[in-house]
$ cat coords.csv   # CSV, C-alpha atoms
chain,number,residue,atom,x,y,z
A,1,MET,CA,-15.2,-8.7,-4.3
A,2,LYS,CA,-16.1,-9.0,-0.6
A,3,LYS,CA,-16.3,-5.7,1.2
A,4,LEU,CA,-13.8,-5.3,4.0
A,5,ASN,CA,-14.4,-3.6,7.4
A,6,LEU,CA,-11.4,-1.3,7.5
A,7,ALA,CA,-10.6,0.4,10.8
A,8,HIS,CA,-7.5,1.9,9.2
A,9,ILE,CA,-8.2,5.1,7.2
A,10,PRO,CA,-5.9,5.3,4.1
A,11,VAL,CA,-4.2,8.6,4.0
A,12,LEU,CA,-4.6,10.7,0.8
A,13,LYS,CA,-6.6,7.9,-0.8
A,14,LYS,CA,-8.3,9.9,-3.6
A,15,GLU,CA,-5.1,11.7,-4.4
A,16,THR,CA,-3.1,8.5,-4.5
A,17,ILE,CA,-5.6,6.7,-6.8
A,18,LYS,CA,-5.8,9.6,-9.2
A,19,SER,CA,-2.0,9.9,-9.2
A,20,LEU,CA,-1.6,6.3,-10.3
A,21,ASN,CA,-3.5,7.1,-13.5
A,22,ILE,CA,-4.9,3.6,-13.5
A,23,LYS,CA,-5.5,1.8,-16.8
A,24,LYS,CA,-8.5,-0.6,-16.7
A,25,ASN,CA,-6.4,-3.5,-18.1
A,26,GLY,CA,-3.1,-2.5,-16.4
A,27,THR,CA,-0.9,-4.3,-13.9
A,28,TYR,CA,-0.3,-2.8,-10.5
A,29,ILE,CA,1.6,-3.5,-7.3
A,30,ASP,CA,0.5,-2.3,-3.8
A,31,CYS,CA,3.8,-2.9,-1.9
A,32,THR,CA,2.2,-2.2,1.5
A,33,PHE,CA,-1.2,-3.9,1.7
A,34,GLY,CA,-1.7,-3.1,5.4
A,35,CYS,CA,-5.5,-3.2,5.9
A,36,GLY,CA,-6.2,-3.2,2.2
A,37,GLY,CA,-7.6,0.3,1.9
A,38,HIS,CA,-5.7,1.3,-1.2
A,39,THR,CA,-5.8,-2.2,-2.7
A,40,THR,CA,-9.6,-2.4,-2.6
A,41,GLU,CA,-9.9,1.0,-4.2
A,42,ILE,CA,-7.5,0.2,-7.0
A,43,LEU,CA,-9.4,-3.0,-7.8
A,44,LYS,CA,-12.5,-0.9,-8.5
A,45,TYR,CA,-10.8,0.7,-11.5
A,46,LEU,CA,-9.6,-2.6,-13.1
A,47,ASN,CA,-11.5,-4.7,-15.6
A,48,GLU,CA,-11.2,-8.5,-15.9
A,49,LYS,CA,-7.8,-8.2,-17.8
A,50,GLY,CA,-6.3,-6.0,-15.1
A,51,LYS,CA,-4.1,-7.4,-12.3
A,52,LEU,CA,-3.2,-6.2,-8.8
A,53,TYR,CA,-0.4,-7.7,-6.7
A,54,ALA,CA,-0.3,-6.8,-3.1
A,55,ILE,CA,2.6,-7.4,-0.7
A,56,ASP,CA,2.9,-7.5,3.1
A,57,LYS,CA,4.9,-9.4,5.7
A,58,ASP,CA,2.5,-8.9,8.6
A,59,PRO,CA,0.4,-12.1,9.2
A,60,SER,CA,-2.5,-9.9,10.3
A,61,SER,CA,-2.5,-8.2,6.9
A,62,ILE,CA,-2.3,-11.6,5.1
A,63,ASN,CA,-5.4,-12.7,7.0
A,64,ILE,CA,-7.3,-9.6,5.9
A,65,ALA,CA,-6.2,-10.2,2.3
A,66,HIS,CA,-7.8,-13.6,2.4
A,67,ALA,CA,-11.2,-11.9,2.5
A,68,ILE,CA,-10.7,-10.4,-0.9
A,69,LYS,CA,-12.4,-12.7,-3.5
A,70,ASP,CA,-11.4,-11.3,-6.8
A,71,ASN,CA,-9.6,-13.0,-9.7
A,72,LYS,CA,-7.7,-9.8,-10.4
A,73,PHE,CA,-6.1,-9.8,-7.0
A,74,HIS,CA,-3.0,-11.7,-5.9
A,75,MET,CA,-1.5,-11.5,-2.4
A,76,ILE,CA,2.2,-12.1,-1.8
A,77,SER,CA,3.7,-12.6,1.7
A,78,GLY,CA,7.2,-11.1,2.3
A,79,ASN,CA,9.4,-8.0,2.5
A,80,PHE,CA,8.4,-5.8,-0.4
A,81,SER,CA,12.1,-5.3,-1.5
A,82,ASN,CA,12.6,-9.1,-1.7
A,83,VAL,CA,9.3,-9.6,-3.6
A,84,LEU,CA,10.1,-6.8,-6.1
A,85,LYS,CA,13.6,-8.2,-6.6
A,86,ASN,CA,12.3,-11.7,-7.2
A,87,LEU,CA,9.7,-10.4,-9.7
A,88,ARG,CA,12.4,-8.6,-11.6
A,89,GLU,CA,14.8,-11.5,-11.7
A,90,THR,CA,12.3,-14.2,-12.6
A,91,HIS,CA,10.6,-12.2,-15.4
A,92,VAL,CA,7.3,-13.8,-14.5
A,93,MET,CA,5.5,-10.5,-15.0
A,94,LYS,CA,5.1,-8.0,-17.8
A,95,LYS,CA,6.1,-4.5,-17.1
A,96,ILE,CA,4.2,-2.8,-14.3
A,97,ASP,CA,1.9,0.2,-14.9
A,98,GLY,CA,1.9,1.5,-11.4
A,99,ILE,CA,3.6,0.8,-8.0
A,100,LEU,CA,2.4,2.2,-4.6
A,101,LEU,CA,4.2,2.3,-1.3
A,102,ASP,CA,2.3,3.6,1.7
A,103,LEU,CA,5.2,3.7,4.2
A,104,GLY,CA,3.1,4.4,7.3
A,105,ILE,CA,2.4,1.9,10.0
A,106,SER,CA,-1.3,1.0,10.0
A,107,SER,CA,-3.8,1.8,12.8
A,108,MET,CA,-4.3,-2.0,13.1
A,109,GLN,CA,-0.6,-2.5,13.9
A,110,ILE,CA,-0.5,0.4,16.4
A,111,HIS,CA,-3.7,-0.4,18.3
A,112,ASN,CA,-4.6,-4.0,17.6
A,113,SER,CA,-1.4,-6.0,17.1
A,114,TYR,CA,-0.3,-6.2,20.8
A,115,ARG,CA,3.2,-6.3,19.6
A,116,GLY,CA,4.6,-3.2,21.1
A,117,PHE,CA,4.1,-0.6,18.4
A,118,SER,CA,1.9,1.6,20.7
A,119,PHE,CA,3.3,3.6,23.6
A,120,LEU,CA,-0.2,4.2,24.8
A,121,SER,CA,-1.0,0.7,26.0
A,122,ASP,CA,0.7,-2.1,28.0
A,123,GLU,CA,2.1,-4.6,25.4
A,124,PRO,CA,5.1,-6.9,25.0
A,125,LEU,CA,8.0,-4.9,23.6
A,126,ASP,CA,8.3,-6.8,20.3
A,127,MET,CA,7.9,-4.3,17.4
A,128,ARG,CA,8.6,-6.9,14.6
A,129,MET,CA,6.3,-6.5,11.6
A,130,ASN,CA,6.6,-10.2,11.1
A,131,PRO,CA,6.7,-11.8,14.6
A,132,LYS,CA,8.3,-15.0,13.2
A,133,ILE,CA,11.4,-13.2,11.9
A,134,GLY,CA,14.2,-11.4,13.6
A,135,ILE,CA,14.9,-10.2,17.2
A,136,THR,CA,12.4,-8.5,19.4
A,137,ALA,CA,12.9,-4.9,20.5
A,138,SER,CA,13.2,-6.1,24.1
A,139,LYS,CA,16.0,-8.6,23.3
A,140,TRP,CA,17.8,-6.1,21.2
A,141,LEU,CA,17.8,-3.5,23.9
A,142,PHE,CA,19.0,-6.1,26.4
A,143,LYS,CA,22.0,-7.2,24.4
A,144,SER,CA,23.0,-3.8,23.1
A,145,ASN,CA,25.4,-1.3,24.7
A,146,ALA,CA,24.5,2.3,25.4
A,147,LYS,CA,26.5,3.6,22.3
A,148,SER,CA,24.6,1.3,19.9
A,149,ILE,CA,21.2,2.2,21.3
A,150,SER,CA,22.0,5.9,21.4
A,151,GLN,CA,23.1,5.8,17.7
A,152,VAL,CA,19.8,4.2,16.7
A,153,LEU,CA,17.7,6.6,18.7
A,154,TYR,CA,19.5,9.6,17.2
A,155,LYS,CA,19.8,8.3,13.6
A,156,PHE,CA,16.3,7.0,13.2
A,157,GLY,CA,14.3,9.0,15.7
A,158,GLU,CA,16.3,12.3,15.7
A,159,GLU,CA,16.0,12.1,19.5
A,160,TYR,CA,17.9,14.9,21.3
A,161,PHE,CA,18.0,12.9,24.5
A,162,ALA,CA,19.3,9.7,22.8
A,163,LYS,CA,22.4,9.3,25.1
A,164,LYS,CA,20.5,9.8,28.3
A,165,ILE,CA,17.7,7.4,27.3
A,166,ALA,CA,20.2,4.8,26.1
A,167,ASN,CA,22.2,5.0,29.3
A,168,LYS,CA,19.1,4.6,31.4
A,169,ILE,CA,17.9,1.6,29.3
A,170,VAL,CA,21.2,-0.2,29.9
A,171,GLN,CA,21.1,0.6,33.7
A,172,GLN,CA,17.5,-0.7,33.9
A,173,ASN,CA,18.2,-3.9,32.0
A,174,LYS,CA,21.0,-4.7,34.5
A,175,ILE,CA,18.4,-4.5,37.3
A,176,LYS,CA,15.4,-6.0,35.5
A,177,PRO,CA,15.0,-6.5,31.7
A,178,ILE,CA,12.6,-4.2,30.0
A,179,THR,CA,10.0,-6.4,28.4
A,180,LYS,CA,6.9,-4.2,28.2
A,181,THR,CA,6.0,-0.9,26.4
A,182,THR,CA,4.9,0.8,29.6
A,183,GLU,CA,8.3,0.1,31.2
A,184,LEU,CA,10.1,1.8,28.4
A,185,VAL,CA,7.6,4.7,28.3
A,186,ASP,CA,8.0,5.3,32.1
A,187,LEU,CA,11.7,5.4,31.7
A,188,ILE,CA,11.6,7.9,28.8
A,189,LYS,CA,9.1,10.2,30.6
A,190,LYS,CA,11.7,10.7,33.4
A,191,ILE,CA,14.2,12.0,30.9
A,192,VAL,CA,12.3,13.7,28.0
A,193,PRO,CA,10.3,16.9,28.9
A,194,LYS,CA,6.7,17.3,27.8
A,195,ARG,CA,6.3,18.0,24.1
A,196,LYS,CA,3.4,18.5,21.7
A,197,LYS,CA,4.0,14.9,20.7
A,198,HIS,CA,4.2,12.0,23.3
A,199,PRO,CA,7.7,11.9,24.9
A,200,ALA,CA,8.2,8.3,23.6
A,201,THR,CA,7.3,9.0,20.0
A,202,LYS,CA,10.8,9.4,18.6
A,203,THR,CA,12.3,6.5,20.6
A,204,PHE,CA,9.5,4.1,19.6
A,205,GLN,CA,9.9,5.2,15.9
A,206,ALA,CA,13.6,4.7,16.0
A,207,ILE,CA,13.5,1.3,17.5
A,208,ARG,CA,10.8,0.1,15.2
A,209,ILE,CA,12.7,1.3,12.1
A,210,HIS,CA,15.9,-0.4,13.3
A,211,ILE,CA,14.2,-3.7,14.2
A,212,ASN,CA,12.5,-3.9,10.8
A,213,GLN,CA,15.3,-2.3,8.8
A,214,GLU,CA,12.7,-0.1,7.2
A,215,LEU,CA,15.0,2.5,5.5
A,216,ASP,CA,17.2,-0.2,4.0
A,217,GLU,CA,14.1,-1.9,2.8
A,218,LEU,CA,12.9,1.3,1.2
A,219,LYS,CA,16.2,2.0,-0.6
A,220,LYS,CA,16.3,-1.5,-2.2
A,221,ALA,CA,12.6,-1.4,-3.1
A,222,LEU,CA,13.0,2.0,-5.0
A,223,LYS,CA,15.7,0.5,-7.2
A,224,TYR,CA,13.7,-2.6,-8.1
A,225,ALA,CA,10.4,-0.6,-8.6
A,226,LEU,CA,12.1,1.7,-11.2
A,227,GLU,CA,13.3,-1.4,-13.1
A,228,LEU,CA,9.9,-3.0,-13.1
A,229,LEU,CA,7.9,0.0,-14.3
A,230,ALA,CA,6.9,0.2,-17.9
A,231,PRO,CA,7.5,3.4,-19.8
A,232,GLY,CA,4.7,5.7,-18.6
A,233,GLY,CA,4.2,3.7,-15.4
A,234,ARG,CA,3.7,5.6,-12.2
A,235,LEU,CA,5.5,5.3,-8.9
A,236,ALA,CA,3.5,6.8,-5.9
A,237,ILE,CA,5.0,6.9,-2.4
A,238,ILE,CA,3.4,8.2,0.8
A,239,SER,CA,6.0,9.0,3.5
A,240,PHE,CA,5.3,10.0,7.1
A,241,HIS,CA,8.6,11.2,8.6
A,242,SER,CA,11.6,13.2,7.4
A,243,LEU,CA,13.9,10.2,7.1
A,244,GLU,CA,11.6,8.4,4.6
A,245,ASN,CA,10.8,11.6,2.8
A,246,ARG,CA,14.5,12.5,2.3
A,247,ILE,CA,15.2,9.1,0.7
A,248,VAL,CA,12.2,9.3,-1.6
A,249,LYS,CA,12.9,12.9,-2.6
A,250,LYS,CA,16.6,12.2,-3.3
A,251,PHE,CA,15.7,9.1,-5.4
A,252,PHE,CA,13.2,11.0,-7.5
A,253,ILE,CA,15.6,13.9,-8.1
A,254,GLU,CA,18.6,11.7,-8.9
A,255,ASN,CA,16.6,9.6,-11.4
A,256,SER,CA,14.9,12.5,-13.0
A,257,LYS,CA,18.1,14.1,-14.2
A,258,MET,CA,18.7,13.7,-17.9
A,259,PRO,CA,22.0,12.1,-18.8
A,260,PHE,CA,25.0,14.4,-19.2
A,261,ILE,CA,26.8,13.9,-22.5
A,262,PRO,CA,30.0,15.9,-22.9
A,263,SER,CA,30.3,17.9,-26.1
A,264,GLY,CA,32.3,16.2,-28.8
A,265,ILE,CA,31.2,12.7,-27.7
A,266,ALA,CA,29.4,10.9,-30.6
A,267,ILE,CA,26.3,9.0,-29.5
A,268,SER,CA,23.6,7.4,-31.6
A,269,GLU,CA,19.9,8.1,-31.2
A,270,THR,CA,19.4,4.5,-30.1
A,271,GLN,CA,22.0,4.9,-27.3
A,272,LEU,CA,20.5,8.2,-26.3
A,273,ASN,CA,17.0,6.7,-26.0
A,274,TYR,CA,18.4,3.8,-23.9
A,275,LEU,CA,19.9,6.3,-21.5
A,276,LYS,CA,16.7,8.3,-21.2
A,277,LYS,CA,14.3,5.4,-20.8
A,278,THR,CA,15.4,4.5,-17.3
A,279,THR,CA,14.8,8.0,-15.9
A,280,LEU,CA,11.8,9.4,-14.0
A,281,LYS,CA,9.7,12.5,-14.6
A,282,ILE,CA,8.5,14.0,-11.4
A,283,ILE,CA,4.7,14.5,-11.5
A,284,SER,CA,3.7,15.9,-8.1
A,285,LYS,CA,4.1,16.4,-4.4
A,286,ILE,CA,0.8,16.4,-2.5
A,287,VAL,CA,0.1,17.0,1.2
A,288,PRO,CA,-3.3,16.5,3.0
A,289,THR,CA,-5.9,19.2,3.2
A,290,GLN,CA,-6.8,20.6,6.5
A,291,ILE,CA,-10.1,18.8,6.3
A,292,GLU,CA,-8.4,15.4,6.0
A,293,ILE,CA,-6.0,16.3,8.9
A,294,ASN,CA,-9.1,17.2,11.0
A,295,ASN,CA,-10.8,13.9,10.1
A,296,ASN,CA,-7.7,11.8,10.3
A,297,PRO,CA,-4.9,13.4,12.5
A,298,ARG,CA,-2.5,10.6,11.5
A,299,SER,CA,-2.3,12.2,8.0
A,300,ARG,CA,-0.8,15.5,9.3
A,301,SER,CA,2.8,14.5,8.4
A,302,ALA,CA,2.0,12.6,5.2
A,303,ILE,CA,3.6,13.5,1.9
A,304,LEU,CA,2.6,11.8,-1.4
A,305,ARG,CA,5.3,12.0,-4.1
A,306,VAL,CA,4.6,10.8,-7.6
A,307,SER,CA,6.8,10.2,-10.6
A,308,GLU,CA,6.5,8.6,-14.0
A,309,LYS,CA,8.9,6.5,-15.9
A,310,ARG,CA,9.9,8.2,-19.1
A,311,GLY,CA,9.0,6.7,-22.4
A,312,LYS,CA,11.6,5.6,-25.0
A,313,ASN,CA,11.1,8.7,-27.2
A,314,GLU,CA,11.0,11.4,-24.5

$ encode --input "coords.csv" --output "structure tokens"
Amino acid sequence: MKKLNLAHIPVLKKETIKSLNIKKNGTYIDCTFGCGGHTTEILKYLNEKGKLYAIDKDPSSINIAHAIKDNKFHMISGNFSNVLKNLRETHVMKKIDGILLDLGISSMQIHNSYRGFSFLSDEPLDMRMNPKIGITASKWLFKSNAKSISQVLYKFGEEYFAKKIANKIVQQNKIKPITKTTELVDLIKKIVPKRKKHPATKTFQAIRIHINQELDELKKALKYALELLAPGGRLAIISFHSLENRIVKKFFIENSKMPFIPSGIAISETQLNYLKKTTLKIISKIVPTQIEINNNPRSRSAILRVSEKRGKNE
């Protein structure tokens, strides 16, 4: 396998690999290839019978994946929810031993994509993970009214100044369309007071999530991932903000509850095992050490949640 030069530092890499409990001849899916940090690490643990499928919709990530020359590795282009759905429906794969979702945006996308993910540089206000699909952030802001923009900023960014920012965006677009990141940042700085984080952090997060439908994508993917996992298979998810974390936490809790069977209802052992086998067992919740946070400040908000699909006889 060709060694990759990865500018992006995978968060909680050792903990994630350990949590997947990798079998040498197992089958795994990395739903968020990014710069390939987790993928290349997983491949080290697989023998010639093992398989690893990676998914990403960003053309830059697809190009990086082309450098991996390993028969165990297969790259799939597309939204991870659609890919997981297709894998489930076509039955082209055996049950999966482990699925990983690293929900963070990569350093490559923030600093090197020039697509508007960074509020620290002057870039086109695009924000699409796949620049060939969907509407740009600039066009969405231009065609939307203040109420719609405000709802997105508050819902996906938890931005206290959502209404003021939205009204100012609409006013500015009537004068001159906002097409650059710096134009949006300058507008936000006039409204949002100085914080520990950059004043534009929440607004940029909210717009990016909306443009790429990230939370809807996550909810769909969780459902398909659970169906694809083999009994004993692990699901490892790294989230970076409260909205993602709440969705993952809620999914794990809801699917780890054992079925309630009212007293007096007759049920066979076969039926009971069927009910049990689709549930999860929560394994762990892991956060970065202070050492990792010092070495990689991006990891400070990361949470790794791990669960395991119950076996038939549990």

$ closest_atom_pairs --input "coords.csv" --of "region 59-126 of chain A" --to "region 240-251 of chain A" --cutoff "9 Å" --atoms "all atoms listed in the file" --output "JSON lines"
{"residue": "A:Asp102", "atom": "CA", "partner": "A:Phe240", "partner_atom": "CA", "distance": 8.9}
{"residue": "A:Leu103", "atom": "CA", "partner": "A:Phe240", "partner_atom": "CA", "distance": 6.9}
{"residue": "A:Gly104", "atom": "CA", "partner": "A:Phe240", "partner_atom": "CA", "distance": 6.0}

$ closest_residue --input "coords.csv" --among "A:Gly78, A:Gly157, A:Pro124, A:Pro59" --to "Thr136 (chain A)" --atoms "all atoms listed in the file"
A:Pro124

$ residues_around --input "coords.csv" --residues "region 168-180 of chain A" --least-positions-apart "5" --cutoff "7 Å" --atoms "all atoms listed in the file" --output "VMD selection string"
chain A and resid 122 to 125 138 142 145 to 146

$ closest_residue --input "coords.csv" --among "A:Gly264, A:Pro199, A:Gly34, A:Pro297" --to "Asp56 (chain A)" --atoms "only C-alpha atoms"
A:Gly34

$ residues_around --input "coords.csv" --residues "Ala221 (chain A)" --least-positions-apart "6" --cutoff "7 Å" --atoms "all atoms listed in the file" --output "JSON, numbers by chain"
{"A": [80, 81, 84]}

$ closest_residue --input "coords.csv" --among "A:Ile291, A:Ile99, A:Ala54, A:Ile135" --to "Tyr224 (chain A)" --atoms "all atoms listed in the file"
A:Ile99

$ atom_distance --input "coords.csv" --atom1 "CA of Gly36 (chain A)" --atom2 "CA of Ile64 (chain A)"
7.5 Å

$ closest_residue --input "coords.csv" --among "A:Asp58, A:Glu254, A:Glu227, A:Asp216" --to "Arg128 (chain A)" --atoms "all atoms listed in the file"
A:Asp58

$ residues_around --input "coords.csv" --residues "Thr203 (chain A)" --least-positions-apart "5" --cutoff "12 Å" --atoms "all atoms listed in the file" --output "PyMOL selection string"
chain A and resi 117-119+137+141+149-166+169+181+184-185+187-189+191-192+197-198+208-210

$ atom_distance --input "coords.csv" --atom1 "CA of Leu120 (chain A)" --atom2 "CA of Ser106 (chain A)"
15.2 Å

$ closest_residue --input "coords.csv" --among "A:Ser307, A:Asn47, A:Asn212, A:Ser77" --to "Ser19 (chain A)" --atoms "all atoms listed in the file"
A:Ser307

$ closest_residue --input "coords.csv" --among "A:Ile9, A:Leu229, A:Ser121, A:Lys57" --to "Ile133 (chain A)" --atoms "only C-alpha atoms"
A:Lys57

$ atom_distance --input "coords.csv" --atom1 "CA of Thr40 (chain A)" --atom2 "CA of Thr16 (chain A)"
12.8 Å

$ decode --input "coords.csv" --residues "region 245-255 of chain A" --atoms "all heavy atoms" --output "PDB file, in the first residue's frame"
ATOM      1  N   ASN A 245     -23.931  15.031  18.085  1.00  0.00           N
ATOM      2  CA  ASN A 245     -23.806  14.200  19.277  1.00  0.00           C
ATOM      3  C   ASN A 245     -25.174  13.779  19.822  1.00  0.00           C
ATOM      4  O   ASN A 245     -25.366  12.628  20.222  1.00  0.00           O
ATOM      5  CB  ASN A 245     -23.021  14.951  20.352  1.00  0.00           C
ATOM      6  CG  ASN A 245     -22.822  14.119  21.609  1.00  0.00           C
ATOM      7  OD1 ASN A 245     -22.416  12.961  21.555  1.00  0.00           O
ATOM      8  ND2 ASN A 245     -23.133  14.703  22.752  1.00  0.00           N
ATOM      9  N   ARG A 246     -26.129  14.700  19.818  1.00  0.00           N
ATOM     10  CA  ARG A 246     -27.468  14.377  20.320  1.00  0.00           C
ATOM     11  C   ARG A 246     -28.128  13.289  19.474  1.00  0.00           C
ATOM     12  O   ARG A 246     -28.779  12.377  19.993  1.00  0.00           O
ATOM     13  CB  ARG A 246     -28.343  15.631  20.296  1.00  0.00           C
ATOM     14  CG  ARG A 246     -28.047  16.620  21.402  1.00  0.00           C
ATOM     15  CD  ARG A 246     -28.896  17.863  21.228  1.00  0.00           C
ATOM     16  NE  ARG A 246     -28.226  19.041  21.763  1.00  0.00           N
ATOM     17  CZ  ARG A 246     -28.464  20.284  21.360  1.00  0.00           C
ATOM     18  NH1 ARG A 246     -29.352  20.507  20.406  1.00  0.00           N
ATOM     19  NH2 ARG A 246     -27.837  21.292  21.911  1.00  0.00           N
ATOM     20  N   ILE A 247     -27.960  13.400  18.141  1.00  0.00           N
ATOM     21  CA  ILE A 247     -28.558  12.412  17.240  1.00  0.00           C
ATOM     22  C   ILE A 247     -27.966  11.033  17.483  1.00  0.00           C
ATOM     23  O   ILE A 247     -28.685  10.034  17.588  1.00  0.00           O
ATOM     24  CB  ILE A 247     -28.352  12.836  15.772  1.00  0.00           C
ATOM     25  CG1 ILE A 247     -29.181  14.087  15.459  1.00  0.00           C
ATOM     26  CG2 ILE A 247     -28.727  11.699  14.819  1.00  0.00           C
ATOM     27  CD1 ILE A 247     -28.889  14.710  14.108  1.00  0.00           C
ATOM     28  N   VAL A 248     -26.631  10.970  17.586  1.00  0.00           N
ATOM     29  CA  VAL A 248     -25.952   9.690  17.794  1.00  0.00           C
ATOM     30  C   VAL A 248     -26.307   9.107  19.159  1.00  0.00           C
ATOM     31  O   VAL A 248     -26.634   7.918  19.283  1.00  0.00           O
ATOM     32  CB  VAL A 248     -24.426   9.860  17.669  1.00  0.00           C
ATOM     33  CG1 VAL A 248     -23.708   8.539  17.993  1.00  0.00           C
ATOM     34  CG2 VAL A 248     -24.051  10.338  16.274  1.00  0.00           C
ATOM     35  N   LYS A 249     -26.260   9.938  20.187  1.00  0.00           N
ATOM     36  CA  LYS A 249     -26.578   9.483  21.544  1.00  0.00           C
ATOM     37  C   LYS A 249     -28.002   8.932  21.619  1.00  0.00           C
ATOM     38  O   LYS A 249     -28.242   7.859  22.183  1.00  0.00           O
ATOM     39  CB  LYS A 249     -26.406  10.646  22.528  1.00  0.00           C
ATOM     40  CG  LYS A 249     -26.701  10.277  23.966  1.00  0.00           C
ATOM     41  CD  LYS A 249     -26.521  11.481  24.878  1.00  0.00           C
ATOM     42  CE  LYS A 249     -26.845  11.139  26.327  1.00  0.00           C
ATOM     43  NZ  LYS A 249     -26.689  12.319  27.219  1.00  0.00           N
ATOM     44  N   LYS A 250     -28.947   9.668  21.038  1.00  0.00           N
ATOM     45  CA  LYS A 250     -30.353   9.246  21.051  1.00  0.00           C
ATOM     46  C   LYS A 250     -30.525   7.917  20.312  1.00  0.00           C
ATOM     47  O   LYS A 250     -31.229   7.021  20.780  1.00  0.00           O
ATOM     48  CB  LYS A 250     -31.227  10.321  20.404  1.00  0.00           C
ATOM     49  CG  LYS A 250     -32.712   9.982  20.385  1.00  0.00           C
ATOM     50  CD  LYS A 250     -33.520  11.095  19.718  1.00  0.00           C
ATOM     51  CE  LYS A 250     -34.999  10.734  19.668  1.00  0.00           C
ATOM     52  NZ  LYS A 250     -35.797  11.783  18.968  1.00  0.00           N
ATOM     53  N   PHE A 251     -29.859   7.775  19.156  1.00  0.00           N
ATOM     54  CA  PHE A 251     -29.946   6.541  18.366  1.00  0.00           C
ATOM     55  C   PHE A 251     -29.407   5.357  19.155  1.00  0.00           C
ATOM     56  O   PHE A 251     -30.024   4.279  19.188  1.00  0.00           O
ATOM     57  CB  PHE A 251     -29.180   6.709  17.060  1.00  0.00           C
ATOM     58  CG  PHE A 251     -29.190   5.497  16.178  1.00  0.00           C
ATOM     59  CD1 PHE A 251     -30.249   5.251  15.327  1.00  0.00           C
ATOM     60  CD2 PHE A 251     -28.139   4.589  16.204  1.00  0.00           C
ATOM     61  CE1 PHE A 251     -30.275   4.121  14.514  1.00  0.00           C
ATOM     62  CE2 PHE A 251     -28.143   3.463  15.399  1.00  0.00           C
ATOM     63  CZ  PHE A 251     -29.217   3.234  14.548  1.00  0.00           C
ATOM     64  N   PHE A 252     -28.258   5.544  19.803  1.00  0.00           N
ATOM     65  CA  PHE A 252     -27.655   4.455  20.574  1.00  0.00           C
ATOM     66  C   PHE A 252     -28.564   4.042  21.733  1.00  0.00           C
ATOM     67  O   PHE A 252     -28.769   2.853  21.984  1.00  0.00           O
ATOM     68  CB  PHE A 252     -26.285   4.881  21.113  1.00  0.00           C
ATOM     69  CG  PHE A 252     -25.159   4.726  20.125  1.00  0.00           C
ATOM     70  CD1 PHE A 252     -25.403   4.574  18.765  1.00  0.00           C
ATOM     71  CD2 PHE A 252     -23.844   4.739  20.545  1.00  0.00           C
ATOM     72  CE1 PHE A 252     -24.366   4.439  17.856  1.00  0.00           C
ATOM     73  CE2 PHE A 252     -22.792   4.594  19.652  1.00  0.00           C
ATOM     74  CZ  PHE A 252     -23.054   4.444  18.307  1.00  0.00           C
ATOM     75  N   ILE A 253     -29.107   5.024  22.443  1.00  0.00           N
ATOM     76  CA  ILE A 253     -29.966   4.724  23.593  1.00  0.00           C
ATOM     77  C   ILE A 253     -31.243   4.012  23.155  1.00  0.00           C
ATOM     78  O   ILE A 253     -31.643   2.994  23.741  1.00  0.00           O
ATOM     79  CB  ILE A 253     -30.299   6.013  24.365  1.00  0.00           C
ATOM     80  CG1 ILE A 253     -29.047   6.559  25.058  1.00  0.00           C
ATOM     81  CG2 ILE A 253     -31.402   5.756  25.391  1.00  0.00           C
ATOM     82  CD1 ILE A 253     -29.235   7.898  25.731  1.00  0.00           C
ATOM     83  N   GLU A 254     -31.895   4.541  22.120  1.00  0.00           N
ATOM     84  CA  GLU A 254     -33.159   3.956  21.660  1.00  0.00           C
ATOM     85  C   GLU A 254     -32.987   2.529  21.172  1.00  0.00           C
ATOM     86  O   GLU A 254     -33.859   1.680  21.363  1.00  0.00           O
ATOM     87  CB  GLU A 254     -33.759   4.817  20.546  1.00  0.00           C
ATOM     88  CG  GLU A 254     -34.341   6.135  21.046  1.00  0.00           C
ATOM     89  CD  GLU A 254     -34.962   6.958  19.941  1.00  0.00           C
ATOM     90  OE1 GLU A 254     -34.728   6.629  18.748  1.00  0.00           O
ATOM     91  OE2 GLU A 254     -35.671   7.929  20.257  1.00  0.00           O
ATOM     92  N   ASN A 255     -31.853   2.260  20.524  1.00  0.00           N
ATOM     93  CA  ASN A 255     -31.636   0.927  19.954  1.00  0.00           C
ATOM     94  C   ASN A 255     -30.906  -0.025  20.897  1.00  0.00           C
ATOM     95  O   ASN A 255     -30.636  -1.170  20.538  1.00  0.00           O
ATOM     96  CB  ASN A 255     -30.865   1.040  18.634  1.00  0.00           C
ATOM     97  CG  ASN A 255     -31.728   1.553  17.509  1.00  0.00           C
ATOM     98  OD1 ASN A 255     -32.509   0.818  16.919  1.00  0.00           O
ATOM     99  ND2 ASN A 255     -31.619   2.850  17.232  1.00  0.00           N
TER     100      ASN A 255
END
